[in-house]
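Below is the file upload_37.cif, which contains mmCIF, C-alpha atoms.
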```
data_query
loop_
_atom_site.group_PDB
_atom_site.id
_atom_site.type_symbol
_atom_site.label_atom_id
_atom_site.label_comp_id
_atom_site.auth_asym_id
_atom_site.auth_seq_id
_atom_site.Cartn_x
_atom_site.Cartn_y
_atom_site.Cartn_z
ATOM 1 C CA MET D 19 0.000 0.000 0.000
ATOM 2 C CA GLN D 20 1.301 3.435 -0.935
ATOM 3 C CA ILE D 21 1.469 6.152 1.705
ATOM 4 C CA PHE D 22 0.854 9.762 0.646
ATOM 5 C CA ASP D 23 1.706 12.335 3.310
ATOM 6 C CA ALA D 24 0.261 15.864 3.219
ATOM 7 C CA ASP D 25 2.771 17.167 0.658
ATOM 8 C CA ALA D 26 2.442 14.139 -1.606
ATOM 9 C CA THR D 27 -1.355 14.340 -1.417
ATOM 10 C CA ARG D 28 -1.390 18.068 -2.128
ATOM 11 C CA ARG D 29 0.963 18.156 -5.134
ATOM 12 C CA PRO D 30 -1.320 16.444 -7.703
ATOM 13 C CA LEU D 31 -4.367 18.455 -6.560
ATOM 14 C CA ALA D 32 -3.752 21.692 -8.442
ATOM 15 C CA PHE D 33 -7.115 23.260 -9.058
ATOM 16 C CA PRO D 34 -7.426 22.975 -12.866
ATOM 17 C CA PRO D 35 -6.948 19.173 -12.962
ATOM 18 C CA LEU D 36 -8.894 18.735 -9.718
ATOM 19 C CA MET D 37 -11.907 20.632 -11.083
ATOM 20 C CA ALA D 38 -11.710 18.572 -14.270
ATOM 21 C CA ALA D 39 -11.645 15.358 -12.200
ATOM 22 C CA LEU D 40 -14.676 16.488 -10.189
ATOM 23 C CA GLU D 41 -16.554 17.394 -13.356
ATOM 24 C CA ARG D 42 -15.869 13.987 -14.928
ATOM 25 C CA LEU D 43 -17.027 12.036 -11.898
ATOM 26 C CA PHE D 44 -20.110 14.193 -11.289
ATOM 27 C CA ILE D 45 -21.133 13.568 -14.909
ATOM 28 C CA SER D 46 -20.353 9.828 -14.978
ATOM 29 C CA GLY D 47 -21.465 9.198 -11.392
ATOM 30 C CA CYS D 48 -20.445 6.703 -8.704
ATOM 31 C CA GLU D 49 -22.027 4.960 -5.728
ATOM 32 C CA VAL D 50 -22.363 7.267 -2.699
ATOM 33 C CA PRO D 51 -24.297 5.855 0.280
ATOM 34 C CA PRO D 52 -25.303 8.099 3.194
ATOM 35 C CA ARG D 53 -22.443 9.033 5.487
ATOM 36 C CA HIS D 54 -22.253 7.393 8.919
ATOM 37 C CA VAL D 55 -22.172 9.706 11.935
ATOM 38 C CA HIS D 56 -21.225 8.397 15.375
ATOM 39 C CA SER D 57 -20.954 10.206 18.705
ATOM 40 C CA ILE D 58 -18.341 8.717 21.001
ATOM 41 C CA GLY D 59 -19.180 9.412 24.628
ATOM 42 C CA GLY D 60 -16.906 10.284 27.485
ATOM 43 C CA ALA D 61 -17.448 10.625 31.247
ATOM 44 C CA GLN D 62 -20.988 11.492 32.404
ATOM 45 C CA GLY D 63 -22.267 10.673 28.921
ATOM 46 C CA GLN D 64 -20.697 13.750 27.311
ATOM 47 C CA ASP D 65 -19.740 13.443 23.647
ATOM 48 C CA LEU D 66 -15.999 13.855 23.315
ATOM 49 C CA LEU D 67 -15.696 12.917 19.672
ATOM 50 C CA THR D 68 -17.872 12.861 16.563
ATOM 51 C CA THR D 69 -16.763 10.450 13.851
ATOM 52 C CA LEU D 70 -17.949 10.635 10.239
ATOM 53 C CA ILE D 71 -17.382 7.736 7.838
ATOM 54 C CA MET D 72 -17.850 8.663 4.176
ATOM 55 C CA PRO D 73 -17.592 5.866 1.562
ATOM 56 C CA ALA D 74 -17.901 6.036 -2.220
ATOM 57 C CA TRP D 75 -16.995 3.594 -4.959
ATOM 58 C CA LEU D 76 -16.752 2.928 -8.664
ATOM 59 C CA PRO D 77 -17.716 -0.731 -9.222
ATOM 60 C CA GLY D 78 -14.805 -2.713 -10.592
ATOM 61 C CA ARG D 79 -12.333 0.113 -10.008
ATOM 62 C CA TYR D 80 -11.970 1.961 -6.703
ATOM 63 C CA LEU D 81 -13.484 2.055 -3.240
ATOM 64 C CA GLY D 82 -12.640 5.049 -1.064
ATOM 65 C CA ILE D 83 -13.430 5.629 2.602
ATOM 66 C CA LYS D 84 -12.797 8.881 4.437
ATOM 67 C CA THR D 85 -12.871 9.033 8.218
ATOM 68 C CA VAL D 86 -13.312 12.409 9.885
ATOM 69 C CA ASN D 87 -12.864 12.896 13.645
ATOM 70 C CA ILE D 88 -14.209 16.129 15.136
ATOM 71 C CA ALA D 89 -13.189 16.991 18.698
ATOM 72 C CA PRO D 90 -14.207 20.504 19.826
ATOM 73 C CA GLY D 91 -12.246 20.102 23.044
ATOM 74 C CA ASN D 92 -8.976 19.949 21.121
ATOM 75 C CA THR D 93 -8.702 23.743 21.162
ATOM 76 C CA ALA D 94 -7.824 23.676 24.844
ATOM 77 C CA LEU D 95 -5.102 21.132 24.052
ATOM 78 C CA GLY D 96 -3.577 23.237 21.291
ATOM 79 C CA LEU D 97 -4.667 20.740 18.637
ATOM 80 C CA PRO D 98 -6.786 21.144 15.480
ATOM 81 C CA GLY D 99 -10.455 20.411 16.062
ATOM 82 C CA LEU D 100 -10.657 18.077 13.066
ATOM 83 C CA PHE D 101 -8.529 15.218 11.755
ATOM 84 C CA SER D 102 -9.311 13.093 8.722
ATOM 85 C CA SER D 103 -7.717 10.264 6.784
ATOM 86 C CA TYR D 104 -8.468 8.606 3.465
ATOM 87 C CA LEU D 105 -8.072 4.979 2.373
ATOM 88 C CA LEU D 106 -8.302 3.835 -1.248
ATOM 89 C CA PHE D 107 -8.975 0.196 -2.147
ATOM 90 C CA ASP D 108 -9.342 -1.934 -5.245
ATOM 91 C CA ALA D 109 -13.135 -2.244 -5.562
ATOM 92 C CA THR D 110 -12.921 -5.796 -6.943
ATOM 93 C CA THR D 111 -10.391 -7.490 -4.676
ATOM 94 C CA GLY D 112 -10.609 -5.209 -1.650
ATOM 95 C CA GLN D 113 -6.824 -4.805 -1.684
ATOM 96 C CA PRO D 114 -5.647 -1.612 0.056
ATOM 97 C CA LEU D 115 -4.024 0.662 -2.517
ATOM 98 C CA ALA D 116 -3.209 3.892 -0.714
ATOM 99 C CA SER D 117 -3.465 5.930 2.463
ATOM 100 C CA MET D 118 -3.752 9.685 1.952
ATOM 101 C CA ALA D 119 -3.924 12.898 3.962
ATOM 102 C CA GLY D 120 -7.655 13.387 4.368
ATOM 103 C CA ASP D 121 -7.359 17.031 5.459
ATOM 104 C CA GLU D 122 -5.689 17.948 2.162
ATOM 105 C CA ILE D 123 -8.276 16.064 0.123
ATOM 106 C CA THR D 124 -11.196 17.638 2.012
ATOM 107 C CA SER D 125 -10.041 21.241 1.864
ATOM 108 C CA ARG D 126 -8.929 21.232 -1.764
ATOM 109 C CA ARG D 127 -11.947 19.352 -3.148
ATOM 110 C CA THR D 128 -14.259 21.704 -1.200
ATOM 111 C CA ALA D 129 -12.707 24.813 -2.715
ATOM 112 C CA ALA D 130 -12.601 23.173 -6.147
ATOM 113 C CA ALA D 131 -16.310 22.236 -6.048
ATOM 114 C CA SER D 132 -17.279 25.831 -5.240
ATOM 115 C CA ALA D 133 -15.097 27.178 -8.040
ATOM 116 C CA LEU D 134 -16.478 24.585 -10.458
ATOM 117 C CA ALA D 135 -20.037 25.678 -9.662
ATOM 118 C CA ALA D 136 -19.066 29.348 -10.017
ATOM 119 C CA SER D 137 -17.657 28.671 -13.486
ATOM 120 C CA ARG D 138 -21.290 28.006 -14.536
ATOM 121 C CA LEU D 139 -23.137 30.389 -12.209
ATOM 122 C CA ALA D 140 -21.060 33.542 -11.739
ATOM 123 C CA LEU D 141 -20.861 36.260 -14.351
ATOM 124 C CA PRO D 142 -18.231 35.144 -16.884
ATOM 125 C CA ASP D 143 -16.452 38.490 -16.540
ATOM 126 C CA ALA D 144 -16.600 38.570 -12.715
ATOM 127 C CA ARG D 145 -13.872 40.842 -11.357
ATOM 128 C CA SER D 146 -14.255 40.832 -7.573
ATOM 129 C CA LEU D 147 -14.384 38.085 -4.936
ATOM 130 C CA LEU D 148 -15.235 38.472 -1.256
ATOM 131 C CA VAL D 149 -14.148 35.614 1.041
ATOM 132 C CA LEU D 150 -15.687 35.193 4.499
ATOM 133 C CA GLY D 151 -13.520 33.121 6.809
ATOM 134 C CA ALA D 152 -9.834 32.618 7.507
ATOM 135 C CA GLY D 153 -9.534 28.844 7.855
ATOM 136 C CA ARG D 154 -8.023 26.166 5.643
ATOM 137 C CA VAL D 155 -10.762 26.252 2.981
ATOM 138 C CA ALA D 156 -11.097 30.056 2.955
ATOM 139 C CA ALA D 157 -7.369 30.386 2.330
ATOM 140 C CA LEU D 158 -7.695 28.229 -0.813
ATOM 141 C CA LEU D 159 -10.719 29.962 -2.326
ATOM 142 C CA PRO D 160 -8.948 32.826 -4.160
ATOM 143 C CA GLU D 161 -6.614 30.400 -5.945
ATOM 144 C CA ALA D 162 -9.471 28.045 -6.803
ATOM 145 C CA TYR D 163 -11.736 30.813 -8.068
ATOM 146 C CA ARG D 164 -9.034 32.380 -10.209
ATOM 147 C CA ALA D 165 -8.407 28.972 -11.794
ATOM 148 C CA ALA D 166 -12.089 28.876 -12.776
ATOM 149 C CA LEU D 167 -12.534 32.608 -13.509
ATOM 150 C CA PRO D 168 -9.234 34.243 -14.540
ATOM 151 C CA THR D 169 -10.987 37.622 -14.829
ATOM 152 C CA ILE D 170 -10.986 37.978 -11.017
ATOM 153 C CA GLU D 171 -8.576 40.778 -10.154
ATOM 154 C CA ARG D 172 -9.716 41.917 -6.698
ATOM 155 C CA VAL D 173 -10.102 39.800 -3.539
ATOM 156 C CA ARG D 174 -11.400 41.017 -0.204
ATOM 157 C CA VAL D 175 -11.276 39.016 3.050
ATOM 158 C CA TRP D 176 -13.591 39.410 6.050
ATOM 159 C CA THR D 177 -13.816 37.556 9.355
ATOM 160 C CA ARG D 178 -15.266 38.368 12.760
ATOM 161 C CA ARG D 179 -11.684 38.896 13.957
ATOM 162 C CA PRO D 180 -10.099 41.679 11.868
ATOM 163 C CA GLU D 181 -6.603 40.537 12.795
ATOM 164 C CA ALA D 182 -7.287 37.100 11.286
ATOM 165 C CA ALA D 183 -8.552 38.666 8.059
ATOM 166 C CA ALA D 184 -5.488 40.914 7.892
ATOM 167 C CA ALA D 185 -3.170 37.956 8.459
ATOM 168 C CA LEU D 186 -4.806 35.891 5.711
ATOM 169 C CA ALA D 187 -4.845 38.819 3.261
ATOM 170 C CA GLY D 188 -1.152 39.381 3.938
ATOM 171 C CA GLN D 189 -0.379 35.716 3.432
ATOM 172 C CA LEU D 190 -2.334 35.540 0.177
ATOM 173 C CA GLY D 191 -0.997 38.845 -1.111
ATOM 174 C CA ALA D 192 2.584 37.686 -0.730
ATOM 175 C CA ASP D 193 1.993 34.885 -3.248
ATOM 176 C CA THR D 194 0.154 36.751 -6.022
ATOM 177 C CA ASP D 195 -0.096 40.042 -7.855
ATOM 178 C CA VAL D 196 -3.894 40.157 -7.351
ATOM 179 C CA ASP D 197 -5.267 43.085 -5.332
ATOM 180 C CA ILE D 198 -6.014 41.452 -1.938
ATOM 181 C CA GLU D 199 -7.111 43.350 1.161
ATOM 182 C CA ALA D 200 -8.832 42.682 4.481
ATOM 183 C CA VAL D 201 -12.084 44.593 5.089
ATOM 184 C CA THR D 202 -14.148 45.393 8.174
ATOM 185 C CA ASP D 203 -17.346 46.803 6.607
ATOM 186 C CA LEU D 204 -19.123 43.594 5.585
ATOM 187 C CA ALA D 205 -22.246 45.216 4.112
ATOM 188 C CA ARG D 206 -20.193 47.431 1.824
ATOM 189 C CA ALA D 207 -17.888 44.582 0.815
ATOM 190 C CA VAL D 208 -20.855 42.366 -0.111
ATOM 191 C CA ALA D 209 -22.455 45.175 -2.139
ATOM 192 C CA GLU D 210 -19.235 45.647 -4.126
ATOM 193 C CA ALA D 211 -18.551 41.960 -4.839
ATOM 194 C CA ASP D 212 -19.415 39.976 -7.946
ATOM 195 C CA ILE D 213 -18.895 36.754 -5.959
ATOM 196 C CA VAL D 214 -19.332 36.216 -2.216
ATOM 197 C CA SER D 215 -17.922 32.944 -0.862
ATOM 198 C CA CYS D 216 -18.537 31.942 2.774
ATOM 199 C CA ALA D 217 -16.422 29.329 4.543
ATOM 200 C CA THR D 218 -17.235 29.865 8.205
ATOM 201 C CA LEU D 219 -18.665 28.019 11.188
ATOM 202 C CA ALA D 220 -21.385 30.636 11.741
ATOM 203 C CA THR D 221 -24.609 29.663 13.497
ATOM 204 C CA GLU D 222 -26.412 32.937 12.692
ATOM 205 C CA PRO D 223 -26.639 34.636 9.274
ATOM 206 C CA LEU D 224 -23.701 36.775 8.217
ATOM 207 C CA ILE D 225 -24.926 37.723 4.723
ATOM 208 C CA ARG D 226 -28.147 39.651 4.209
ATOM 209 C CA GLY D 227 -29.956 39.434 0.913
ATOM 210 C CA GLU D 228 -30.512 43.187 0.784
ATOM 211 C CA TRP D 229 -26.733 43.656 0.466
ATOM 212 C CA LEU D 230 -26.347 41.430 -2.617
ATOM 213 C CA ARG D 231 -26.363 43.239 -5.919
ATOM 214 C CA PRO D 232 -28.109 42.008 -9.101
ATOM 215 C CA GLY D 233 -25.984 39.547 -11.033
ATOM 216 C CA SER D 234 -23.989 38.456 -7.991
ATOM 217 C CA HIS D 235 -23.151 34.872 -7.089
ATOM 218 C CA LEU D 236 -23.326 33.642 -3.475
ATOM 219 C CA ASP D 237 -21.368 30.520 -2.499
ATOM 220 C CA LEU D 238 -22.252 28.946 0.877
ATOM 221 C CA ILE D 239 -19.821 26.343 2.184
ATOM 222 C CA GLY D 240 -19.942 26.448 5.974
ATOM 223 C CA SER D 241 -23.457 25.435 7.015
ATOM 224 C CA PHE D 242 -23.188 21.632 7.010
ATOM 225 C CA THR D 243 -25.491 21.002 10.023
ATOM 226 C CA PRO D 244 -29.039 22.174 10.831
ATOM 227 C CA ALA D 245 -27.655 24.441 13.585
ATOM 228 C CA MET D 246 -25.321 26.361 11.252
ATOM 229 C CA ARG D 247 -26.211 29.268 9.012
ATOM 230 C CA GLU D 248 -24.352 31.845 6.900
ATOM 231 C CA ALA D 249 -27.163 33.546 4.912
ATOM 232 C CA ASP D 250 -30.561 34.995 5.823
ATOM 233 C CA ASP D 251 -33.840 34.126 4.099
ATOM 234 C CA ALA D 252 -33.648 37.154 1.796
ATOM 235 C CA CYS D 253 -30.519 35.729 0.155
ATOM 236 C CA PHE D 254 -32.677 33.007 -1.400
ATOM 237 C CA ALA D 255 -35.762 35.019 -2.315
ATOM 238 C CA GLY D 256 -35.729 35.703 -6.043
ATOM 239 C CA ALA D 257 -32.406 33.908 -6.572
ATOM 240 C CA SER D 258 -31.613 30.800 -8.614
ATOM 241 C CA LEU D 259 -30.580 28.110 -6.138
ATOM 242 C CA TRP D 260 -28.257 25.186 -6.903
ATOM 243 C CA VAL D 261 -26.863 22.547 -4.509
ATOM 244 C CA ASP D 262 -23.952 20.128 -4.673
ATOM 245 C CA THR D 263 -26.211 17.169 -3.778
ATOM 246 C CA ASP D 264 -29.776 16.862 -2.498
ATOM 247 C CA GLU D 265 -28.341 16.128 0.966
ATOM 248 C CA ALA D 266 -28.013 19.898 1.330
ATOM 249 C CA LEU D 267 -31.804 20.151 1.688
ATOM 250 C CA ARG D 268 -31.706 17.804 4.681
ATOM 251 C CA LYS D 269 -28.522 18.916 6.421
ATOM 252 C CA SER D 270 -27.955 22.647 6.052
ATOM 253 C CA GLY D 271 -29.517 25.247 8.333
ATOM 254 C CA ASP D 272 -29.078 27.685 5.451
ATOM 255 C CA LEU D 273 -31.789 25.784 3.569
ATOM 256 C CA LEU D 274 -33.805 24.197 6.377
ATOM 257 C CA ARG D 275 -34.766 27.585 7.861
ATOM 258 C CA PRO D 276 -36.122 29.189 4.643
ATOM 259 C CA LEU D 277 -37.781 25.885 3.760
ATOM 260 C CA ALA D 278 -39.570 25.883 7.121
ATOM 261 C CA SER D 279 -40.649 29.511 6.770
ATOM 262 C CA GLY D 280 -41.933 28.996 3.212
ATOM 263 C CA VAL D 281 -39.473 31.387 1.564
ATOM 264 C CA ILE D 282 -38.376 28.527 -0.669
ATOM 265 C CA SER D 283 -39.634 25.019 -1.427
ATOM 266 C CA PRO D 284 -37.745 21.943 -2.674
ATOM 267 C CA ASP D 285 -38.967 22.858 -6.169
ATOM 268 C CA HIS D 286 -37.034 26.119 -5.835
ATOM 269 C CA VAL D 287 -33.767 24.197 -6.370
ATOM 270 C CA ARG D 288 -32.728 24.407 -10.024
ATOM 271 C CA GLY D 289 -30.481 21.351 -9.823
ATOM 272 C CA ASP D 290 -27.388 19.751 -8.333
ATOM 273 C CA LEU D 291 -23.740 19.943 -9.301
ATOM 274 C CA ALA D 292 -24.002 16.870 -11.527
ATOM 275 C CA ALA D 293 -26.691 18.625 -13.585
ATOM 276 C CA LEU D 294 -24.740 21.876 -13.561
ATOM 277 C CA CYS D 295 -21.627 20.151 -14.904
ATOM 278 C CA ARG D 296 -23.609 19.115 -17.970
ATOM 279 C CA LEU D 297 -24.440 22.736 -18.785
ATOM 280 C CA ARG D 298 -22.266 25.398 -20.333
ATOM 281 C CA SER D 299 -23.956 27.884 -18.000
ATOM 282 C CA GLY D 300 -26.655 27.713 -15.339
ATOM 283 C CA ARG D 301 -27.279 31.450 -15.544
ATOM 284 C CA THR D 302 -30.200 32.842 -17.559
ATOM 285 C CA SER D 303 -29.356 36.564 -17.512
ATOM 286 C CA ALA D 304 -26.690 39.055 -16.441
ATOM 287 C CA SER D 305 -28.959 40.431 -13.695
ATOM 288 C CA GLU D 306 -29.885 37.031 -12.205
ATOM 289 C CA ARG D 307 -28.689 36.357 -8.652
ATOM 290 C CA THR D 308 -27.364 32.835 -8.148
ATOM 291 C CA VAL D 309 -26.732 30.815 -4.979
ATOM 292 C CA PHE D 310 -24.738 27.588 -4.616
ATOM 293 C CA LYS D 311 -25.087 25.631 -1.370
ATOM 294 C CA SER D 312 -22.708 22.748 -0.688
ATOM 295 C CA VAL D 313 -22.395 20.279 2.186
ATOM 296 C CA GLY D 314 -19.697 18.075 0.655
ATOM 297 C CA SER D 315 -19.867 14.657 -0.965
ATOM 298 C CA ALA D 316 -17.797 11.486 -0.791
ATOM 299 C CA LEU D 317 -17.840 11.578 -4.614
ATOM 300 C CA GLU D 318 -15.571 14.624 -4.434
ATOM 301 C CA ASP D 319 -13.183 12.818 -2.074
ATOM 302 C CA LEU D 320 -13.013 9.815 -4.409
ATOM 303 C CA ALA D 321 -12.351 12.012 -7.460
ATOM 304 C CA ALA D 322 -9.457 13.695 -5.655
ATOM 305 C CA ALA D 323 -8.027 10.415 -4.358
ATOM 306 C CA MET D 324 -8.153 8.852 -7.832
ATOM 307 C CA LEU D 325 -6.263 11.841 -9.199
ATOM 308 C CA VAL D 326 -3.534 11.484 -6.560
ATOM 309 C CA TYR D 327 -3.180 7.713 -7.006
ATOM 310 C CA GLU D 328 -3.284 7.622 -10.811
ATOM 311 C CA GLN D 329 -0.863 10.511 -11.224
ATOM 312 C CA ALA D 330 1.604 8.678 -8.961
ATOM 313 C CA ALA D 331 1.128 5.528 -11.046
ATOM 314 C CA ARG D 332 1.925 7.482 -14.230
#
```

Written as structure tokens, that's how I'd like the structure from this file.
Amino acid sequence: MQIFDADATRRPLAFPPLMAALERLFISGCEVPPRHVHSIGGAQGQDLLTTLIMPAWLPGRYLGIKTVNIAPGNTALGLPGLFSSYLLFDATTGQPLASMAGDEITSRRTAAASALAASRLALPDARSLLVLGAGRVAALLPEAYRAALPTIERVRVWTRRPEAAAALAGQLGADTDVDIEAVTDLARAVAEADIVSCATLATEPLIRGEWLRPGSHLDLIGSFTPAMREADDACFAGASLWVDTDEALRKSGDLLRPLASGVISPDHVRGDLAALCRLRSGRTSASERTVFKSVGSALEDLAAAMLVYEQAAR
């Protein structure tokens, strides 16, 4: 079995080939059963650890299984709150083929999926990107978006902690000639952006629909549980809504709240990422507002892992 550490996992996952790999697998399809979620209890019945097991497979070719361990208490220990690993097997014999750095696969495929959707939903001449968040995924979004939309020439970064936004903007600005700055006025930054991409752990809306201008594209990454939310109801009213998979309608507080209040219905969803990949564009006019809501899919993990393994084999 081959072992790919973080660097070896990251190297083949440049965004252009990764987006192409995602597009191919979304179009051709693979088997993706529901993810398993387990709470591992500690003393007095308190949950110390949440474990997610995410399998996907291509019959006769590959079986991939990602394990994600989430431990909120790790902050007090000076450790990351999330660890993940990825195992790739031969789907016929069951032989283990590779072990990979799951954190690298997760963060890069997440950014790539958002950029892939934006290549069909954002204005083709989009110039400005606003990123909310300063974590691993947020830090990758400018690179991913510019791979999909080379017209982007201005990036703004916002977080609840201005010092974190400034640090990320400085880090990103050192590696590119794109105009990158941290901002503190969120309403103004949203109103000036062609694309707004949110990668936060917010539990209350950060983006208000009244701030979004006609023709803008809103990308919502963070809300992957019913208790999390990045956008208010007005963000969805009158907008064209796309999701990565239909699981988003069952898992994301961003969609569950407006569904419950009647602002949107399941019929409001125009389609998923597989359908979007089959289109040249999902946009019907230059003034149309578009929204893409993702919760992540094991298909994306498998596409990335196949890219890493097959490039090493070549």

Query - Near-stretch 121-136 of chain D list (8 Å; all atoms listed in the file; drop same-chain fewer than 4 positions) as a PyMOL selection string - result: chain D and resi 24+27-28+31+33+36-37+40-41+101-103+140+154-156+158-159+162-163+165-166+235+237+239+291+294-295+310+312+314+318-319+322-323

Query raised in the report: Near D:Val173, counting all atoms listed in the file, which residues have an atom at most 9 Å away, once you skip same-chain residues fewer than 6 positions from it, shown as a ChimeraX atom specification?
Result: /D:145-149,160,187,196-200,211

Go ahead and write the selection's residues with C-alpha atoms as a PDB file, in the frame of the given file.
```
ATOM      1  CA  ARG D 145     -13.872  40.842 -11.357  1.00  0.00           C
ATOM      2  CA  SER D 146     -14.255  40.832  -7.573  1.00  0.00           C
ATOM      3  CA  LEU D 147     -14.384  38.085  -4.936  1.00  0.00           C
ATOM      4  CA  LEU D 148     -15.235  38.472  -1.256  1.00  0.00           C
ATOM      5  CA  VAL D 149     -14.148  35.614   1.041  1.00  0.00           C
ATOM      6  CA  PRO D 160      -8.948  32.826  -4.160  1.00  0.00           C
ATOM      7  CA  ALA D 187      -4.845  38.819   3.261  1.00  0.00           C
ATOM      8  CA  VAL D 196      -3.894  40.157  -7.351  1.00  0.00           C
ATOM      9  CA  ASP D 197      -5.267  43.085  -5.332  1.00  0.00           C
ATOM     10  CA  ILE D 198      -6.014  41.452  -1.938  1.00  0.00           C
ATOM     11  CA  GLU D 199      -7.111  43.350   1.161  1.00  0.00           C
ATOM     12  CA  ALA D 200      -8.832  42.682   4.481  1.00  0.00           C
ATOM     13  CA  ALA D 211     -18.551  41.960  -4.839  1.00  0.00           C
TER      14      ALA D 211
END
```

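If you measure from each of D:Leu139, D:Ala220, D:Ala26, D:Ala109 to D:Val326 using all atoms listed in the file, the closest one turns out to be D:Ala26.
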
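Note that atom CA of D:Ala74 and atom CA of D:Cys48 are 7.0 Å apart.
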
Report task. List the residues selected by the PyMOL selection byres ((chain D and resi 170) around 7) in the file shown, writing them as a count of residues only. Result -> 10

Query raised in the report: Selected by the PyMOL selection byres ((chain D and resi 90) around 10) in the shown coordinates: which residues, as a PyMOL selection string?
Result: chain D and resi 65-68+87-89+91-94+97-100

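When all atoms listed in the file are used to compute distances to D:Pro223, the closest of the residues D:Gly256, D:Gly271, D:Gly300, D:Gly47 turns out to be D:Gly271.
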
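Atom pair atom CA of D:Glu328 / atom CA of D:Met118: separated by 12.9 Å.
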
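Taking all atoms listed in the file, the non-local environment of D:Ala316 within 8 Å (same-chain residues fewer than 4 positions away omitted) comprises Val50, Met72, Pro73, Ala74, Lys84 and Leu320 of chain D.
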
Evaluating the PyMOL selection byres ((chain D and resi 263-267) around 8) on the displayed file yields which residues, as a compact mmCIF listing (two decimals) with C-alpha atoms, keeping the file's coordinate frame?
```txt
# COMPACT_ATOMS: atom_id res chain seq x y z
CA PHE D 242 -23.19 21.63 7.01
CA VAL D 261 -26.86 22.55 -4.51
CA ASP D 262 -23.95 20.13 -4.67
CA ARG D 268 -31.71 17.80 4.68
CA LYS D 269 -28.52 18.92 6.42
CA SER D 270 -27.96 22.65 6.05
CA LEU D 273 -31.79 25.78 3.57
CA LEU D 274 -33.80 24.20 6.38
CA PRO D 284 -37.74 21.94 -2.67
CA ASP D 290 -27.39 19.75 -8.33
CA LEU D 291 -23.74 19.94 -9.30
CA LYS D 311 -25.09 25.63 -1.37
CA SER D 312 -22.71 22.75 -0.69
CA VAL D 313 -22.40 20.28 2.19
CA GLY D 314 -19.70 18.08 0.66
CA SER D 315 -19.87 14.66 -0.96
```

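Across the model, the gap from atom CA of D:Ala249 to atom CA of D:Gly153 is 18.5 Å.
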
Report task. Identify the residues around (-19.4, 28.9, -20.5) within a radius of 7 Å, measuring from all atoms listed in the file in the coordinates stated by the file, and give them as a VMD selection string. Result -> chain D and resid 138 298 to 299

Store the residues of this selection in a file with C-alpha atoms, as a PDB file, in the frame of the given file.
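again_20.pdb was written with the following content:
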```pdb
ATOM      1  CA  ARG D 138     -21.290  28.006 -14.536  1.00  0.00           C
ATOM      2  CA  ARG D 298     -22.266  25.398 -20.333  1.00  0.00           C
ATOM      3  CA  SER D 299     -23.956  27.884 -18.000  1.00  0.00           C
TER       4      SER D 299
END
```

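When all atoms listed in the file are used to compute distances to D:His56, the closest of the residues D:Ala183, D:Val86, D:Arg206, D:Leu230 turns out to be D:Val86.
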
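Among the candidate residues D:Arg307, D:Val175, D:Ser258, D:Ala245, the one lying nearest to D:Gly188 is D:Val175, with distances computed using only C-alpha atoms.
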
Report task. Around the point (-10.7, 4.0, 2.5), in the coordinates given by the file, pick out the residues reaching within 6 Å, counting all atoms listed in the file, and return them as number ranges by chain. Result -> D: 82-84, 104-106

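Counting all atoms listed in the file, the residue from D:Arg174, D:Arg29, D:Arg79, D:His286 that sits nearest to D:Thr308 is D:His286.
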
Kindly output stretch 26-35 of chain D as a short mmCIF file (atom, residue, chain, number, x, y, z; two decimals), keeping the file's coordinate frame, after building N, CA and C atoms.
```cif
data_model
loop_
_atom_site.label_atom_id
_atom_site.label_comp_id
_atom_site.auth_asym_id
_atom_site.auth_seq_id
_atom_site.Cartn_x
_atom_site.Cartn_y
_atom_site.Cartn_z
N ALA D 26 2.65 15.02 -0.46
CA ALA D 26 2.44 14.14 -1.61
C ALA D 26 0.98 14.10 -2.03
N THR D 27 0.07 14.27 -1.08
CA THR D 27 -1.36 14.34 -1.42
C THR D 27 -1.68 15.66 -2.10
N ARG D 28 -1.07 16.73 -1.62
CA ARG D 28 -1.39 18.07 -2.13
C ARG D 28 -0.87 18.30 -3.55
N ARG D 29 0.30 17.80 -3.87
CA ARG D 29 0.96 18.16 -5.13
C ARG D 29 0.12 17.86 -6.38
N PRO D 30 -0.54 16.71 -6.48
CA PRO D 30 -1.32 16.44 -7.70
C PRO D 30 -2.65 17.20 -7.75
N LEU D 31 -3.03 17.87 -6.65
CA LEU D 31 -4.37 18.45 -6.56
C LEU D 31 -4.37 19.95 -6.89
N ALA D 32 -3.62 20.33 -7.91
CA ALA D 32 -3.75 21.69 -8.44
C ALA D 32 -5.18 21.87 -8.92
N PHE D 33 -5.68 23.09 -8.84
CA PHE D 33 -7.12 23.26 -9.06
C PHE D 33 -7.60 22.97 -10.48
N PRO D 34 -6.89 23.33 -11.54
CA PRO D 34 -7.43 22.98 -12.87
C PRO D 34 -7.65 21.47 -13.06
N PRO D 35 -6.65 20.61 -12.79
CA PRO D 35 -6.95 19.17 -12.96
C PRO D 35 -7.93 18.63 -11.94
#
```
